[in-house]
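upload39.cif (mmCIF, C-alpha atoms) appears below.
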data_protein
#
loop_
_atom_site.label_atom_id
_atom_site.label_comp_id
_atom_site.auth_asym_id
_atom_site.auth_seq_id
_atom_site.Cartn_x
_atom_site.Cartn_y
_atom_site.Cartn_z
CA VAL A 1 -7.71 14.65 0.16
CA ALA A 2 -4.57 13.35 -1.53
CA LEU A 3 -4.62 11.81 -4.99
CA THR A 4 -2.33 10.90 -7.86
CA ASN A 5 -2.83 11.17 -11.61
CA HIS A 6 -1.36 10.01 -14.90
CA ARG A 7 0.91 13.08 -14.98
CA ASN A 8 2.92 11.46 -12.18
CA GLU A 9 1.75 14.10 -9.71
CA LEU A 10 0.84 13.89 -6.02
CA ILE A 11 -1.93 16.41 -5.42
CA LEU A 12 -3.40 17.78 -2.21
CA ILE A 13 -6.97 19.12 -2.29
CA ASP A 14 -8.35 21.34 0.47
CA LEU A 15 -12.06 20.54 0.69
CA SER A 16 -12.81 23.76 2.59
CA SER A 17 -11.21 26.22 0.18
CA LYS A 18 -11.63 23.92 -2.84
CA GLN A 19 -8.01 24.65 -3.78
CA ALA A 20 -5.55 22.09 -5.12
CA ARG A 21 -1.76 22.14 -5.09
CA VAL A 22 0.82 19.75 -6.47
CA LEU A 23 3.03 18.44 -3.68
CA ASP A 24 5.47 16.57 -5.90
CA ARG A 25 5.88 15.28 -9.42
CA SER A 26 8.11 12.72 -11.09
CA PRO A 27 9.24 13.15 -14.70
CA TYR A 28 9.70 9.39 -15.01
CA ALA A 29 6.79 7.31 -13.66
CA PRO A 30 3.51 7.50 -11.67
CA ILE A 31 3.52 7.74 -7.88
CA ALA A 32 3.75 4.12 -6.64
CA GLY A 33 1.63 4.33 -3.50
CA PHE A 34 1.12 6.91 -0.73
CA ASP A 35 -0.23 7.06 2.82
CA TRP A 36 -1.27 9.64 5.42
CA SER A 37 0.37 9.67 8.83
CA PRO A 38 -2.02 8.97 11.74
CA ASP A 39 -2.06 12.67 12.70
CA GLY A 40 -2.59 13.88 9.12
CA ARG A 41 0.53 16.07 9.15
CA TRP A 42 2.63 13.98 6.78
CA ILE A 43 2.20 12.08 3.51
CA ALA A 44 4.64 9.30 2.62
CA TYR A 45 4.85 8.31 -1.04
CA SER A 46 6.99 6.52 -3.61
CA CYS A 47 8.50 8.82 -6.23
CA ALA A 48 10.43 7.66 -9.31
CA LEU A 49 13.92 9.19 -9.42
CA SER A 50 14.77 7.66 -12.80
CA PHE A 51 13.26 5.23 -15.29
CA HIS A 52 14.55 2.35 -13.17
CA THR A 53 14.56 3.60 -9.57
CA SER A 54 12.06 4.98 -7.09
CA ALA A 55 12.49 6.11 -3.48
CA ILE A 56 10.26 6.80 -0.49
CA ARG A 57 9.71 10.46 0.34
CA ILE A 58 7.73 12.24 3.05
CA CYS A 59 5.99 15.58 2.54
CA LYS A 60 5.03 17.89 5.40
CA VAL A 61 1.51 18.87 4.39
CA GLU A 62 1.47 22.30 6.08
CA THR A 63 4.62 23.65 4.44
CA GLY A 64 5.04 21.39 1.40
CA GLU A 65 8.59 20.48 2.45
CA ILE A 66 9.84 17.20 0.98
CA PHE A 67 12.25 14.89 2.78
CA PRO A 68 14.01 11.82 1.31
CA VAL A 69 13.56 8.62 3.33
CA THR A 70 15.31 5.87 1.35
CA ARG A 71 18.20 5.48 -1.05
CA PRO A 72 16.80 3.22 -3.77
CA VAL A 73 18.60 0.20 -5.10
CA LEU A 74 15.84 -0.35 -7.63
CA GLN A 75 12.29 0.46 -6.51
CA ASP A 76 10.90 1.30 -3.07
CA VAL A 77 7.08 1.32 -3.22
CA SER A 78 3.82 1.22 -1.23
CA PRO A 79 4.74 3.14 1.96
CA THR A 80 2.36 2.79 4.91
CA PHE A 81 2.56 4.35 8.37
CA ASP A 82 2.52 2.41 11.61
CA PRO A 83 -0.69 3.29 13.55
CA ASP A 84 1.45 4.42 16.51
CA GLY A 85 3.67 6.57 14.32
CA LYS A 86 6.87 4.68 15.18
CA TYR A 87 7.70 3.19 11.80
CA LEU A 88 7.12 3.56 8.09
CA TYR A 89 6.72 0.26 6.23
CA PHE A 90 7.28 -0.29 2.51
CA LEU A 91 8.12 -2.92 -0.12
CA SER A 92 11.54 -2.80 -1.76
CA TYR A 93 12.90 -4.35 -4.94
CA ARG A 94 16.49 -4.78 -3.80
CA GLU A 95 17.03 -8.46 -2.96
CA PHE A 96 19.66 -9.93 -5.30
CA ASP A 97 19.61 -13.69 -4.69
CA PRO A 98 20.08 -15.24 -8.16
CA VAL A 99 18.31 -18.48 -9.06
CA TYR A 100 19.81 -20.90 -11.58
CA ASP A 101 17.68 -21.73 -14.60
CA ASN A 102 16.87 -25.42 -14.96
CA LEU A 103 16.94 -25.51 -18.78
CA HIS A 104 19.58 -22.94 -19.76
CA PHE A 105 22.81 -21.86 -18.15
CA ASP A 106 21.33 -18.65 -16.88
CA LEU A 107 20.51 -16.81 -13.67
CA GLY A 108 17.42 -14.81 -12.81
CA PHE A 109 15.66 -13.00 -9.99
CA PRO A 110 12.07 -14.34 -9.86
CA ARG A 111 11.55 -13.01 -6.32
CA GLY A 112 13.62 -9.96 -5.40
CA VAL A 113 11.16 -8.13 -3.07
CA ARG A 114 10.98 -7.93 0.72
CA PRO A 115 9.06 -5.82 3.28
CA TYR A 116 11.16 -3.14 4.95
CA LEU A 117 10.68 -0.53 7.65
CA VAL A 118 12.36 2.70 8.69
CA THR A 119 12.31 3.97 12.27
CA LEU A 120 10.89 7.50 12.34
CA LYS A 121 12.71 8.47 15.55
CA ARG A 122 16.47 8.05 15.90
CA ASP A 123 16.23 6.63 19.43
CA LEU A 124 13.87 3.76 18.50
CA PRO A 125 15.52 0.33 18.80
CA ASN A 126 15.47 -2.36 16.16
CA PRO A 127 11.97 -3.93 16.55
CA PHE A 128 13.18 -7.29 15.22
CA VAL A 129 15.56 -7.81 18.15
CA PRO A 130 13.81 -9.48 21.12
CA VAL A 131 13.81 -7.48 24.36
CA PRO A 132 14.01 -9.46 27.64
CA LYS A 133 11.02 -8.89 29.92
CA ALA A 134 10.42 -9.72 33.55
CA PRO A 135 7.88 -12.55 34.13
CA GLU A 136 5.27 -10.22 35.62
CA GLU A 137 5.32 -8.09 32.45
CA LYS A 138 4.01 -10.86 30.20
CA ASN A 139 0.36 -10.61 31.23
CA GLN A 140 0.25 -6.88 31.88
CA LYS A 141 -2.03 -4.90 29.61
CA SER A 142 -1.65 -1.26 28.84
CA GLU A 143 -4.06 0.98 30.70
CA GLU A 144 -6.87 2.08 28.45
CA LYS A 145 -8.25 5.59 28.40
CA LYS A 146 -11.53 6.29 30.10
CA ASP A 147 -14.66 6.72 27.98
CA GLY A 148 -14.58 10.03 26.16
CA GLU A 149 -10.93 10.68 26.98
CA LYS A 150 -8.80 11.13 23.89
CA THR A 151 -5.17 12.11 23.46
CA GLU A 152 -4.25 13.89 20.25
CA GLN A 153 -1.45 12.02 18.53
CA VAL A 154 1.38 14.08 17.09
CA ILE A 155 3.91 12.30 14.88
CA GLU A 156 7.45 13.67 15.04
CA ILE A 157 10.05 12.47 12.53
CA ASP A 158 13.84 12.69 12.81
CA PHE A 159 14.96 13.06 9.21
CA GLU A 160 18.65 13.33 10.00
CA GLY A 161 20.17 9.94 9.22
CA ILE A 162 16.79 8.41 8.37
CA GLU A 163 18.16 6.77 5.21
CA ASP A 164 20.53 4.74 7.41
CA ARG A 165 17.70 3.44 9.63
CA VAL A 166 16.16 1.13 7.01
CA LEU A 167 15.64 -2.44 8.25
CA ALA A 168 14.54 -5.56 6.35
CA PHE A 169 11.85 -7.85 7.73
CA PRO A 170 13.26 -11.26 8.71
CA VAL A 171 11.22 -13.04 6.05
CA PRO A 172 12.35 -14.61 2.74
CA ASP A 173 12.38 -12.48 -0.37
CA GLY A 174 9.46 -13.14 -2.69
CA ARG A 175 6.89 -11.57 -5.00
CA TYR A 176 5.19 -9.32 -2.46
CA GLN A 177 2.24 -7.30 -3.68
CA GLN A 178 0.58 -5.26 -0.88
CA ILE A 179 1.54 -4.10 2.60
CA ALA A 180 -0.58 -2.58 5.39
CA ALA A 181 -0.17 -1.99 9.12
CA ILE A 182 -2.30 -2.56 12.20
CA LYS A 183 -1.28 -2.23 15.84
CA ASN A 184 1.83 -4.32 16.51
CA LYS A 185 1.38 -6.23 13.25
CA VAL A 186 2.07 -5.84 9.55
CA LEU A 187 -0.02 -7.51 6.83
CA TYR A 188 1.32 -8.28 3.37
CA THR A 189 0.44 -10.44 0.39
CA SER A 190 2.74 -12.63 -1.69
CA LEU A 191 2.28 -14.25 -5.09
CA PRO A 192 3.58 -17.63 -6.28
CA ILE A 193 6.14 -17.93 -9.06
CA GLU A 194 4.37 -19.27 -12.13
CA GLY A 195 4.93 -19.84 -15.81
CA SER A 196 3.59 -17.40 -18.39
CA LEU A 197 2.08 -19.72 -21.03
CA ALA A 198 -1.28 -19.99 -19.25
CA MET A 199 -1.37 -16.30 -18.31
CA ASN A 200 -4.44 -14.39 -19.49
CA TRP A 201 -3.15 -10.94 -20.46
CA PHE A 202 -6.62 -9.68 -21.32
CA GLN A 203 -8.53 -10.43 -18.12
CA LEU A 204 -12.11 -9.36 -18.69
CA THR A 205 -14.08 -11.38 -16.15
CA GLU A 206 -12.93 -12.73 -12.81
CA PRO A 207 -9.43 -11.75 -11.55
CA PRO A 208 -7.17 -14.53 -10.28
CA ALA A 209 -7.08 -15.28 -6.54
CA LYS A 210 -3.58 -16.66 -6.10
CA ALA A 211 -2.11 -14.36 -3.46
CA THR A 212 -1.46 -15.36 0.15
CA LEU A 213 -2.14 -12.96 3.03
CA GLU A 214 0.55 -13.13 5.69
CA VAL A 215 1.10 -11.29 8.98
CA TYR A 216 4.22 -10.40 10.95
CA ASP A 217 3.64 -10.05 14.70
CA PHE A 218 6.09 -7.73 16.50
CA GLU A 219 5.22 -9.24 19.89
CA SER A 220 6.03 -12.84 18.96
CA LEU A 221 8.54 -11.78 16.25
CA LYS A 222 7.04 -14.41 13.95
CA ALA A 223 5.34 -14.47 10.56
CA GLU A 224 2.41 -16.71 9.71
CA THR A 225 -0.08 -17.26 6.91
CA LEU A 226 -3.59 -15.94 7.52
CA ILE A 227 -5.48 -16.62 4.30
CA SER A 228 -4.61 -18.32 1.01
CA GLY A 229 -6.25 -17.72 -2.35
CA ILE A 230 -7.03 -14.01 -2.32
CA THR A 231 -6.89 -11.30 -4.97
CA ASN A 232 -6.24 -8.24 -2.79
CA PHE A 233 -7.29 -6.69 0.52
CA LYS A 234 -8.14 -3.38 2.20
CA LEU A 235 -8.26 -2.18 5.81
CA SER A 236 -10.93 0.04 7.35
CA ASP A 237 -9.90 3.53 8.49
CA ASP A 238 -9.60 2.40 12.12
CA ARG A 239 -7.52 -0.61 10.95
CA LYS A 240 -9.69 -3.03 12.90
CA THR A 241 -11.57 -4.59 9.99
CA LEU A 242 -10.18 -6.25 6.88
CA VAL A 243 -11.99 -6.83 3.59
CA TYR A 244 -10.42 -9.13 1.05
CA ARG A 245 -11.39 -10.01 -2.47
CA ALA A 246 -11.16 -13.55 -3.81
CA GLY A 247 -12.00 -13.44 -7.50
CA ASN A 248 -15.48 -11.89 -7.58
CA ARG A 249 -16.24 -12.54 -3.89
CA LEU A 250 -15.79 -10.23 -0.88
CA ARG A 251 -15.23 -11.23 2.73
CA VAL A 252 -15.09 -9.15 5.94
CA LEU A 253 -12.92 -10.28 8.85
CA LYS A 254 -11.27 -8.95 11.99
CA ALA A 255 -7.92 -7.54 10.91
CA GLY A 256 -4.84 -9.51 11.88
CA GLU A 257 -6.59 -12.66 13.09
CA LYS A 258 -6.61 -16.03 11.36
CA PRO A 259 -10.17 -16.99 10.40
CA ASP A 260 -11.71 -20.40 11.03
CA GLU A 261 -11.05 -22.43 7.90
CA LYS A 262 -14.42 -24.19 8.24
CA SER A 263 -16.28 -20.87 8.08
CA ALA A 264 -14.87 -20.18 4.59
CA SER A 265 -17.26 -22.78 3.17
CA GLU A 266 -20.28 -21.30 4.95
CA PRO A 267 -22.85 -19.21 3.02
CA PRO A 268 -22.77 -15.39 3.17
CA GLY A 269 -23.41 -14.03 6.66
CA LYS A 270 -21.78 -12.88 9.89
CA LYS A 271 -20.40 -16.32 10.69
CA SER A 272 -18.47 -16.71 7.44
CA GLY A 273 -17.84 -13.02 6.73
CA TRP A 274 -18.77 -13.44 3.06
CA ILE A 275 -20.85 -10.58 1.63
CA ASP A 276 -23.99 -11.45 -0.31
CA LEU A 277 -23.36 -9.50 -3.53
CA THR A 278 -26.74 -10.52 -4.96
CA ARG A 279 -28.21 -7.79 -2.71
CA VAL A 280 -26.40 -5.07 -4.68
CA ARG A 281 -28.75 -2.76 -6.56
CA VAL A 282 -27.69 -0.13 -9.10
CA SER A 283 -29.90 2.73 -10.22
CA VAL A 284 -29.38 3.70 -13.87
CA GLU A 285 -30.50 6.97 -15.47
CA PRO A 286 -29.63 6.75 -19.19
CA PRO A 287 -29.84 10.53 -19.96
CA ALA A 288 -27.45 11.27 -17.07
CA GLU A 289 -25.12 8.52 -18.32
CA TRP A 290 -25.09 10.02 -21.81
CA ARG A 291 -24.02 13.41 -20.44
CA GLN A 292 -21.31 11.73 -18.39
CA MET A 293 -20.09 9.78 -21.44
CA PHE A 294 -19.81 12.99 -23.46
CA ARG A 295 -17.84 14.77 -20.71
CA GLU A 296 -15.60 11.75 -20.19
CA ALA A 297 -14.80 11.44 -23.90
CA TRP A 298 -13.67 15.08 -23.98
CA ARG A 299 -11.72 14.74 -20.71
CA LEU A 300 -9.77 11.79 -22.12
CA GLN A 301 -8.94 13.76 -25.27
CA ARG A 302 -7.95 16.82 -23.22
CA ASP A 303 -5.73 14.97 -20.72
CA HIS A 304 -4.19 12.28 -22.93
CA PHE A 305 -4.07 13.73 -26.44
CA TRP A 306 -4.83 17.42 -26.93
CA THR A 307 -2.02 19.92 -27.58
CA GLU A 308 -2.37 23.52 -28.74
CA ASP A 309 -0.15 22.95 -31.79
CA MET A 310 -2.28 19.94 -32.83
CA ALA A 311 0.86 17.74 -32.44
CA ASP A 312 2.20 19.27 -35.71
CA VAL A 313 -0.53 17.51 -37.70
CA ASP A 314 -2.10 19.58 -40.51
CA TRP A 315 -5.76 19.06 -39.68
#
Structure rendered as structure tokens:
Amino acid sequence: VALTNHRNELILIDLSSKQARVLDRSPYAPIAGFDWSPDGRWIAYSCALSFHTSAIRICKVETGEIFPVTRPVLQDVSPTFDPDGKYLYFLSYREFDPVYDNLHFDLGFPRGVRPYLVTLKRDLPNPFVPVPKAPEEKNQKSEEKKDGEKTEQVIEIDFEGIEDRVLAFPVPDGRYQQIAAIKNKVLYTSLPIEGSLAMNWFQLTEPPAKATLEVYDFESLKAETLISGITNFKLSDDRKTLVYRAGNRLRVLKAGEKPDEKSASEPPGKKSGWIDLTRVRVSVEPPAEWRQMFREAWRLQRDHFWTEDMADVDW
């Protein structure tokens, strides 16, 4: 299991030996996203190199070796592996296309982010360049393995020159929020540019659902909108199912496919994909909660406040 904490550490926990080791740590900011490779041999993550920059790194789990992947302009975040192990996708804050202010003589960068990828093998071509195919190849499907037959996937990475193999997606820069990969497609969300006067900084109830889920298809080399008005999304481990949140509602769909717009107004069920959250039941044991509260209060003091010298305060 890999996890991050408020000490800006990336930690690996071996569930068999119950031992933990720190793979990497930033002295500047928390780890901004990480992902396992499909074969479980590598972990890609975003590590802050200064107070203003972060870069993508890859750690070889077995040895703990760390390899740089990107040279940051500002921040490279949210790395995610391609299911076939060909590419590593991420979001990058490096698009400098200034926008003129309409009220003052000023320039700003309200967008500035774009999805990027890096080819993990040096001999992989640019996936955004169309490759001519013979007519008979269009309808051919790859041969599927027989039932029970599995081939162990091993991801090999050519780190020499990897920082020079970074490619931008052919989509406009924007306010991109999440990125995830399925076979031959990449999903990402974008947010609109809005004013700040109506912004609720202390959101206590329902989160806003203003993001748009988009998909880039490497076969058609086109991007399209899948769903509008979402909060965030998550893929299943096999990357075949997508769950998205819209405010306080949850919906399950087939990953990468555009849902029927009419079904969005249907009640919860298989047809619409909406989950009936009124069926949720929570068992509460007050004495157990009290013990947990006591432990949690001490843990917060220990991790966020406590120092042996009492912070030079004469208690």
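Here the PyMOL selection byres ((chain A and resi 187) around 8) catches exactly these residues: Ile179, Ala180, Ala181, Ile182, Lys185, Val186, Tyr188, Thr189, Leu213, Glu214, Val215, Tyr216 and Gly256 of chain A.
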Quick one: everything within 12 Å of region 21-24 of chain A, counting only C-alpha atoms, minus sequence neighbours fewer than 4 positions away in the same chain. Send it as a ChimeraX atom specification. /A:1-5,7-15,17,30-31,34,42-49,57-67
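Here the question is which of A:Asp97, A:Gly108, A:Leu250, A:Arg165 gets nearest to Lys121 (chain A) using all atoms listed in the file, and that residue is A:Arg165.
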d(CA of Ala29 (chain A), CA of Gln75 (chain A)) in Å: 11.3 Å
Pro38 (chain A) surroundings by only C-alpha atoms, 12 Å radius, close-in-sequence under 4 positions cut, as a count of residues only: 23
Would you compute the distance between CA of Lys210 (chain A) and CA of Ser236 (chain A)? Give it in Å to one decimal. 22.7 Å
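Here CA of Phe96 (chain A) is placed at a distance of 10.6 Å from CA of Leu74 (chain A).
When all atoms listed in the file are used to compute distances to Ile162 (chain A), the closest of the residues A:Asn248, A:Arg71, A:Leu197, A:Val77 turns out to be A:Arg71.
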Can you tell me, as number ranges by chain, what residues are no more than 9 Å from Ala168 (chain A) when counting only C-alpha atoms, ignoring any on the same chain fewer than 2 positions away? A: 114-118, 166, 170-171
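If you count only C-alpha atoms and ignore residues fewer than 2 places along the chain from Tyr176 (chain A), what sits within 7 Å of it is A:Val113, A:Arg114, A:Gly174, A:Gln178, A:Thr189, A:Ser190, A:Leu191.
Using all atoms listed in the file, the nearest neighbour of Val73 (chain A) within the list A:Glu95, A:Asp39, A:Glu163, A:Asp309 is A:Glu95.
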